[in-house]
$ cat coords_31.csv   # CSV, C-alpha atoms and all ligand atoms
chain,number,residue,atom,x,y,z
A,123,MET,CA,7.1,-20.7,-4.0
A,124,PRO,CA,5.6,-22.4,-7.1
A,125,THR,CA,8.1,-22.4,-10.0
A,126,GLY,CA,7.6,-19.7,-12.6
A,127,LYS,CA,5.4,-17.7,-10.2
A,128,ASN,CA,6.5,-14.3,-9.0
A,129,LEU,CA,5.7,-12.0,-6.2
A,130,TYR,CA,4.4,-8.5,-7.1
A,131,PHE,CA,4.4,-5.4,-4.9
A,132,ALA,CA,2.6,-2.1,-5.5
A,133,SER,CA,1.0,0.6,-3.4
A,134,ASP,CA,-0.4,4.2,-3.3
A,135,PHE,CA,-3.0,3.9,-6.0
A,136,HIS,CA,-5.1,6.4,-4.1
A,137,LEU,CA,-8.3,5.3,-5.8
A,138,GLY,CA,-11.0,7.9,-5.4
A,139,ALA,CA,-8.5,10.9,-5.3
A,140,GLY,CA,-8.9,13.6,-7.9
A,141,GLY,CA,-12.6,12.9,-8.7
A,142,HIS,CA,-14.3,10.1,-10.4
A,143,ALA,CA,-13.0,10.5,-14.0
A,144,SER,CA,-9.3,10.7,-12.9
A,145,SER,CA,-9.7,7.8,-10.5
A,146,ARG,CA,-11.3,5.6,-13.2
A,147,GLU,CA,-8.4,6.3,-15.5
A,148,ARG,CA,-6.0,5.2,-12.8
A,149,GLU,CA,-8.2,2.2,-12.0
A,150,ASP,CA,-8.3,1.1,-15.6
A,151,ARG,CA,-4.5,1.4,-15.8
A,152,ILE,CA,-4.1,-0.7,-12.7
A,153,ILE,CA,-6.4,-3.3,-14.2
A,154,ARG,CA,-4.3,-3.5,-17.4
A,155,TRP,CA,-1.3,-4.1,-15.2
A,156,LEU,CA,-3.1,-6.8,-13.3
A,157,ASP,CA,-4.1,-8.4,-16.6
A,158,MET,CA,-0.5,-8.3,-17.7
A,159,ILE,CA,0.8,-10.1,-14.6
A,160,LYS,CA,-2.2,-12.4,-14.0
A,161,ASP,CA,-0.5,-15.6,-15.3
A,162,ASP,CA,2.7,-14.8,-13.6
A,163,VAL,CA,1.7,-13.7,-10.1
A,164,ALA,CA,1.7,-16.1,-7.1
A,165,GLU,CA,1.4,-13.5,-4.4
A,166,LEU,CA,0.2,-9.9,-4.7
A,167,PHE,CA,1.2,-7.4,-2.0
A,168,LEU,CA,-0.8,-4.2,-2.2
A,169,MET,CA,1.1,-2.1,0.3
A,170,GLY,CA,-1.2,0.6,1.5
A,171,ASP,CA,-3.1,3.7,0.4
A,172,VAL,CA,-4.8,1.6,-2.3
A,173,PHE,CA,-7.8,3.8,-1.5
A,174,ASP,CA,-7.6,7.5,-0.9
A,175,PHE,CA,-10.1,6.8,1.8
A,176,TRP,CA,-11.7,3.6,3.0
A,177,PHE,CA,-14.0,3.0,5.9
A,178,GLU,CA,-16.3,0.0,6.1
A,179,TYR,CA,-19.4,-0.1,8.3
A,180,LYS,CA,-20.9,-3.3,9.6
A,181,THR,CA,-23.1,-3.8,6.5
A,182,VAL,CA,-22.0,-1.0,4.2
A,183,VAL,CA,-18.9,-0.2,2.2
A,184,PRO,CA,-18.0,2.9,0.1
A,185,LYS,CA,-19.2,3.2,-3.5
A,186,GLY,CA,-16.9,2.7,-6.4
A,187,TYR,CA,-13.9,0.6,-7.5
A,188,VAL,CA,-16.1,-2.2,-8.9
A,189,ARG,CA,-13.7,-3.1,-11.8
A,190,PHE,CA,-10.7,-3.1,-9.5
A,191,LEU,CA,-12.4,-5.2,-6.8
A,192,GLY,CA,-13.8,-7.6,-9.5
A,193,LYS,CA,-10.3,-8.0,-10.9
A,194,LEU,CA,-8.9,-8.8,-7.5
A,195,ALA,CA,-11.6,-11.4,-7.0
A,196,GLN,CA,-10.8,-13.0,-10.3
A,197,LEU,CA,-7.1,-13.3,-9.3
A,198,THR,CA,-7.8,-14.6,-5.8
A,199,ASP,CA,-10.4,-17.1,-7.2
A,200,ALA,CA,-7.7,-18.3,-9.5
A,201,GLY,CA,-5.4,-19.0,-6.5
A,202,VAL,CA,-3.4,-15.8,-6.1
A,203,LYS,CA,-2.6,-14.9,-2.5
A,204,LEU,CA,-3.5,-11.3,-1.8
A,205,TYR,CA,-2.1,-9.1,1.0
A,206,LEU,CA,-3.6,-5.7,1.7
A,207,PHE,CA,-1.6,-3.4,3.9
A,208,LYS,CA,-3.2,-0.7,5.9
A,209,GLY,CA,-1.8,2.7,4.7
A,210,ASN,CA,-2.4,6.1,6.4
A,211,HIS,CA,-5.3,6.7,4.1
A,212,ASP,CA,-7.0,3.3,4.3
A,213,MET,CA,-6.3,2.0,7.8
A,214,TRP,CA,-10.0,1.2,8.3
A,215,MET,CA,-10.2,-2.1,6.4
A,216,PHE,CA,-11.8,-4.7,8.6
A,217,ASP,CA,-13.4,-8.0,7.3
A,218,TYR,CA,-14.9,-7.1,4.0
A,219,PHE,CA,-11.8,-7.9,1.8
A,220,VAL,CA,-11.1,-10.9,4.0
A,221,THR,CA,-14.6,-12.3,3.3
A,222,GLU,CA,-15.0,-11.2,-0.3
A,223,LEU,CA,-11.4,-11.5,-1.6
A,224,ASN,CA,-9.9,-14.0,0.8
A,225,ALA,CA,-7.3,-11.3,1.5
A,226,THR,CA,-4.9,-11.0,4.4
A,227,ILE,CA,-5.0,-7.6,6.0
A,228,ILE,CA,-1.6,-6.4,7.3
A,229,PRO,CA,-1.8,-3.7,10.0
A,230,ASN,CA,1.9,-2.9,10.3
A,231,GLU,CA,5.0,-4.7,9.0
A,232,LEU,CA,5.1,-8.1,7.4
A,233,VAL,CA,8.2,-10.2,7.4
A,234,ILE,CA,8.4,-13.1,4.9
A,235,GLU,CA,11.0,-15.4,3.5
A,236,ARG,CA,10.7,-16.6,-0.1
A,237,ALA,CA,13.3,-18.6,-2.0
A,238,GLY,CA,15.8,-18.0,0.7
A,239,LYS,CA,15.4,-14.2,0.7
A,240,LYS,CA,14.2,-12.3,3.6
A,241,PHE,CA,11.8,-9.4,3.1
A,242,TYR,CA,10.7,-6.7,5.5
A,243,LEU,CA,7.5,-5.0,4.2
A,244,HIS,CA,5.7,-1.9,5.5
A,245,HIS,CA,3.6,0.9,4.1
A,246,GLY,CA,6.2,3.3,5.4
A,247,ASP,CA,4.2,5.7,7.6
A,248,GLY,CA,5.1,6.6,11.2
A,249,LEU,CA,8.6,5.0,11.2
A,250,GLY,CA,11.8,6.2,12.6
A,251,PRO,CA,12.3,9.1,15.0
A,252,GLY,CA,10.1,12.2,15.3
A,253,ASP,CA,6.7,13.0,13.7
A,254,ASN,CA,5.1,12.4,17.1
A,255,LYS,CA,2.0,14.3,16.1
A,256,TYR,CA,1.3,11.8,13.3
A,257,LYS,CA,2.2,8.8,15.5
A,258,PHE,CA,-0.3,10.1,18.1
A,259,LEU,CA,-3.1,10.6,15.6
A,260,LYS,CA,-2.4,7.1,14.1
A,261,LYS,CA,-3.0,5.6,17.6
A,262,ILE,CA,-6.2,7.5,17.9
A,263,PHE,CA,-7.4,6.6,14.4
A,264,ARG,CA,-6.7,3.0,15.0
A,265,SER,CA,-8.4,2.8,18.4
A,266,ARG,CA,-11.6,0.8,18.5
A,267,LEU,CA,-13.4,3.6,20.3
A,268,CYS,CA,-12.6,6.1,17.6
A,269,GLN,CA,-13.6,3.6,14.9
A,270,TRP,CA,-16.8,2.8,16.8
A,271,LEU,CA,-17.7,6.5,17.2
A,272,PHE,CA,-16.9,7.3,13.5
A,273,ALA,CA,-19.2,4.4,12.5
A,274,ARG,CA,-22.0,6.1,14.4
A,275,LEU,CA,-21.9,9.1,12.0
A,276,HIS,CA,-24.1,9.0,9.0
A,277,PRO,CA,-21.8,8.0,6.0
A,278,ASN,CA,-22.9,11.1,4.1
A,279,LEU,CA,-21.3,13.1,6.9
A,280,GLY,CA,-18.5,10.8,7.9
A,281,ILE,CA,-17.2,10.0,4.5
A,282,GLY,CA,-17.8,13.6,3.4
A,283,ILE,CA,-15.5,14.9,6.2
A,284,ALA,CA,-13.0,12.2,5.6
A,285,ASN,CA,-12.8,13.0,1.8
A,286,ALA,CA,-12.4,16.7,2.5
A,287,TRP,CA,-9.7,15.9,5.0
A,288,SER,CA,-8.0,13.4,2.8
A,289,HIS,CA,-7.5,16.1,0.2
A,290,ASN,CA,-6.4,18.9,2.5
A,291,SER,CA,-4.8,17.6,5.6
A,292,LYS,CA,-1.1,18.0,6.2
A,293,LEU,CA,-1.4,14.8,8.2
A,294,VAL,CA,-2.3,12.7,5.2
A,295,ASN,CA,-0.4,14.6,2.6
A,296,ALA,CA,2.6,12.4,3.3
A,297,ARG,CA,5.0,13.4,0.7
A,298,ILE,CA,5.0,17.1,1.5
A,299,SER,CA,4.9,16.9,5.2
A,300,ASP,CA,7.4,14.1,5.4
A,301,GLU,CA,9.9,15.8,3.2
A,302,LYS,CA,9.7,19.0,5.3
A,303,LEU,CA,10.1,16.9,8.5
A,304,HIS,CA,12.8,14.7,7.1
A,305,PRO,CA,15.2,16.2,4.6
A,306,LYS,CA,17.1,13.0,4.6
A,307,GLU,CA,15.4,9.8,3.4
A,308,TRP,CA,14.3,8.7,6.8
A,309,ILE,CA,13.0,5.3,5.7
A,310,GLU,CA,16.6,4.6,4.6
A,311,ILE,CA,17.8,5.6,8.1
A,312,TYR,CA,15.1,3.6,9.8
A,313,SER,CA,16.0,0.5,7.6
A,314,ASN,CA,19.6,0.7,8.5
A,315,GLU,CA,18.7,0.8,12.2
A,316,VAL,CA,16.5,-2.3,11.8
A,317,LEU,CA,19.4,-4.1,10.0
A,318,GLN,CA,21.6,-3.7,13.0
A,319,THR,CA,19.6,-6.3,14.9
A,320,GLN,CA,18.1,-8.4,12.1
A,321,PHE,CA,19.1,-9.1,8.5
A,322,TYR,CA,16.8,-8.6,5.6
A,323,ASP,CA,17.7,-8.9,1.9
A,324,TYR,CA,15.0,-6.5,0.9
A,325,MET,CA,13.2,-3.8,2.8
A,326,VAL,CA,10.2,-2.7,0.7
A,327,TYR,CA,7.9,0.3,1.3
A,328,GLY,CA,5.5,2.7,-0.4
A,329,HIS,CA,4.1,5.9,1.1
A,330,ARG,CA,6.8,8.2,-0.3
A,331,HIS,CA,5.3,8.4,-3.8
A,332,LYS,CA,8.8,8.2,-5.1
A,333,PRO,CA,10.3,5.1,-6.6
A,334,MET,CA,13.7,4.4,-5.1
A,335,ASP,CA,16.3,1.6,-5.0
A,336,ILE,CA,18.9,2.4,-2.4
A,337,PRO,CA,21.7,0.1,-1.1
A,338,LEU,CA,21.6,-0.4,2.6
A,339,THR,CA,24.1,-1.8,5.1
A,340,GLY,CA,25.8,-4.9,3.7
A,341,THR,CA,24.0,-6.5,0.8
A,342,SER,CA,20.5,-5.3,1.8
A,343,ARG,CA,18.4,-3.0,-0.4
A,344,TYR,CA,15.7,-0.5,0.3
A,345,ILE,CA,13.1,-0.5,-2.5
A,346,ASN,CA,10.4,2.1,-2.5
A,347,ILE,CA,7.7,1.0,-4.9
A,348,GLY,CA,6.6,4.6,-5.8
A,349,ASP,CA,3.0,5.3,-6.7
A,350,TRP,CA,0.3,5.1,-9.4
A,351,ILE,CA,-0.4,8.8,-9.6
A,352,ASN,CA,2.9,9.9,-11.3
A,353,TYR,CA,5.1,6.8,-11.7
A,354,PHE,CA,3.1,3.6,-12.2
A,355,THR,CA,5.8,1.5,-10.6
A,356,TYR,CA,5.9,-1.9,-8.9
A,357,ALA,CA,8.4,-4.4,-7.8
A,358,VAL,CA,8.7,-8.0,-8.9
A,359,PHE,CA,10.5,-10.9,-7.2
A,360,ASP,CA,11.3,-13.8,-9.6
A,361,GLY,CA,12.8,-16.1,-7.0
A,362,ASP,CA,16.2,-14.6,-7.5
A,363,THR,CA,16.2,-10.8,-7.3
A,364,LEU,CA,13.7,-8.1,-6.6
A,365,GLU,CA,13.4,-5.5,-9.4
A,366,LEU,CA,11.7,-2.1,-9.4
A,367,LYS,CA,9.8,-1.7,-12.7
A,368,TYR,CA,7.8,0.9,-14.5
A,369,PHE,CA,4.5,-0.2,-16.1
A,370,LYS,CA,4.9,1.0,-19.6
A,371,GLU,CA,2.2,0.4,-22.2
A,372,ASN,CA,2.5,0.1,-25.9
A,373,LEU,CA,-0.7,1.9,-26.9
A,374,THR,CA,-0.1,1.8,-30.7
B,1,MN,MN,0.8,6.7,2.6
$ encode --input "coords_31.csv" --output "structure tokens"
Amino acid sequence: MPTGKNLYFASDFHLGAGGHASSREREDRIIRWLDMIKDDVAELFLMGDVFDFWFEYKTVVPKGYVRFLGKLAQLTDAGVKLYLFKGNHDMWMFDYFVTELNATIIPNELVIERAGKKFYLHHGDGLGPGDNKYKFLKKIFRSRLCQWLFARLHPNLGIGIANAWSHNSKLVNARISDEKLHPKEWIEIYSNEVLQTQFYDYMVYGHRHKPMDIPLTGTSRYINIGDWINYFTYAVFDGDTLELKYFKENLT
């Protein structure tokens, strides 16, 4: 890790959700955050549900997000390493961000070691026991056949259905359905199970839309990086410790 350069983690921007004006407001805020960290970031981990819905066709991508994508391009052109995790809303990222942004797409978990600390990183969906309906649908949604079939639909129809679904579906409304299914913090339970066979200093997730910093077995910690709808939270690793932070702006 280059000295003076940090790792940053954020997720659940849900760009596109809530209509154009609300999404733009969120996008602008994210860009102000990226501007703030731009001289300080070595590796940027965007850990899923960056888009409320994303599907890319062979030659066509969804409209919007030009400022955000431009800012990411500026960062990666300057040498920042970008990781994009598939969330449950944007699992259909294929080669566009790889080609345009030199990003690495992470389909499930990513294990890294930096400055002697071990990290387990995952969006947070479909982990632990139960929720078999979601796990089944995730398999279908991620199948090549399903993706091929969806790509055959005209985008006006396909993306129209997806957007309607994204807003209404219990499947994708993670916070509500997950809390009903799991009154206890199941990612914490899952993490402690993983720790029985493998040590990690930090286990970092999104998906829950709720910033959390919870001690796990031993010295390990579960950090949930929250969201950019209500909390505007992120985590930063400075080579020594991982800290959960709130993006606060002084707008005077
Ligand atoms: Mn999610």
$ residues_around --input "coords_31.csv" --residues "Gly280 (chain A)" --least-positions-apart "5" --cutoff "12 Å" --atoms "only C-alpha atoms" --output "ChimeraX atom specification"
/A:175-179,184,269,271-275,285-288
$ residues_around --input "coords_31.csv" --residues "Met169 (chain A)" --least-positions-apart "3" --cutoff "12 Å" --atoms "all atoms listed in the file" --output "ChimeraX atom specification"
/A:130-136,166,172-173,204-213,226-232,242-247,326-330,346-349,356-357
$ residues_around --input "coords_31.csv" --residues "Lys193 (chain A)" --least-positions-apart "3" --cutoff "12 Å" --atoms "all atoms listed in the file" --output "ChimeraX atom specification"
/A:149-150,152-160,187-190,196-200,202,204,223
$ closest_residue --input "coords_31.csv" --among "A:Asn352, A:Ser265, A:Thr363, A:Thr221" --to "Asp323 (chain A)" --atoms "only C-alpha atoms"
A:Thr363
$ closest_residue --input "coords_31.csv" --among "A:Lys261, A:Lys306, A:Lys370, A:Lys240" --to "Met325 (chain A)" --atoms "only C-alpha atoms"
A:Lys240
$ closest_residue --input "coords_31.csv" --among "A:Val220, A:Gly170, A:Ala237, A:Pro251" --to "ligand MN 1 (chain B)" --atoms "all atoms listed in the file"
A:Gly170
$ atom_distance --input "coords_31.csv" --atom1 "CA of Thr339 (chain A)" --atom2 "CA of Lys367 (chain A)"
22.8 Å
$ closest_residue --input "coords_31.csv" --among "A:Lys255, A:His331, A:Lys180, A:Arg148" --to "ligand MN 1 (chain B)" --atoms "only C-alpha atoms and all ligand atoms"
A:His331
$ atom_distance --input "coords_31.csv" --atom1 "CA of Ile283 (chain A)" --atom2 "CA of Lys257 (chain A)"
20.9 Å
$ closest_residue --input "coords_31.csv" --among "A:Gly282, A:Asp174, A:Pro277, A:Asn224" --to "ligand MN 1 (chain B)" --atoms "all atoms listed in the file"
A:Asp174
$ atom_distance --input "coords_31.csv" --atom1 "CA of Arg343 (chain A)" --atom2 "CA of Phe258 (chain A)"
29.4 Å
$ closest_residue --input "coords_31.csv" --among "A:Asn314, A:Leu249, A:Phe216, A:Tyr344" --to "ligand MN 1 (chain B)" --atoms "only C-alpha atoms and all ligand atoms"
A:Leu249
$ decode --input "coords_31.csv" --residues "region 304-340 of chain A" --atoms "C-alpha atoms" --output "mmCIF file, in the first residue's frame"
data_model
loop_
_atom_site.group_PDB
_atom_site.id
_atom_site.type_symbol
_atom_site.label_atom_id
_atom_site.label_comp_id
_atom_site.auth_asym_id
_atom_site.auth_seq_id
_atom_site.Cartn_x
_atom_site.Cartn_y
_atom_site.Cartn_z
ATOM 1 C CA HIS A 304 -33.898 -12.033 10.753
ATOM 2 C CA PRO A 305 -34.701 -10.166 13.946
ATOM 3 C CA LYS A 306 -31.075 -10.672 15.017
ATOM 4 C CA GLU A 307 -28.285 -9.109 12.974
ATOM 5 C CA TRP A 308 -27.718 -12.138 10.778
ATOM 6 C CA ILE A 309 -24.602 -10.780 9.086
ATOM 7 C CA GLU A 310 -23.024 -10.663 12.538
ATOM 8 C CA ILE A 311 -24.015 -14.303 13.115
ATOM 9 C CA TYR A 312 -22.722 -15.262 9.673
ATOM 10 C CA SER A 313 -19.439 -13.425 10.283
ATOM 11 C CA ASN A 314 -18.817 -15.185 13.570
ATOM 12 C CA GLU A 315 -19.381 -18.501 11.797
ATOM 13 C CA VAL A 316 -16.837 -17.624 9.119
ATOM 14 C CA LEU A 317 -14.361 -16.638 11.841
ATOM 15 C CA GLN A 318 -14.461 -20.141 13.288
ATOM 16 C CA THR A 319 -12.420 -21.406 10.358
ATOM 17 C CA GLN A 320 -10.615 -18.305 9.098
ATOM 18 C CA PHE A 321 -9.402 -15.150 10.805
ATOM 19 C CA TYR A 322 -10.193 -11.674 9.476
ATOM 20 C CA ASP A 323 -9.489 -8.379 11.190
ATOM 21 C CA TYR A 324 -12.373 -6.685 9.428
ATOM 22 C CA MET A 325 -15.546 -8.022 7.881
ATOM 23 C CA VAL A 326 -17.125 -5.262 5.837
ATOM 24 C CA TYR A 327 -20.585 -5.254 4.251
ATOM 25 C CA GLY A 328 -23.312 -2.961 2.948
ATOM 26 C CA HIS A 329 -26.845 -3.980 1.990
ATOM 27 C CA ARG A 330 -28.410 -3.327 5.401
ATOM 28 C CA HIS A 331 -28.709 0.455 4.915
ATOM 29 C CA LYS A 332 -27.660 0.837 8.513
ATOM 30 C CA PRO A 333 -24.150 1.851 9.634
ATOM 31 C CA MET A 334 -22.827 -0.523 12.290
ATOM 32 C CA ASP A 335 -19.536 -1.248 14.018
ATOM 33 C CA ILE A 336 -19.920 -4.470 15.985
ATOM 34 C CA PRO A 337 -17.204 -6.447 17.789
ATOM 35 C CA LEU A 338 -16.982 -10.079 16.665
ATOM 36 C CA THR A 339 -15.173 -13.107 18.085
ATOM 37 C CA GLY A 340 -11.684 -12.207 19.296
#
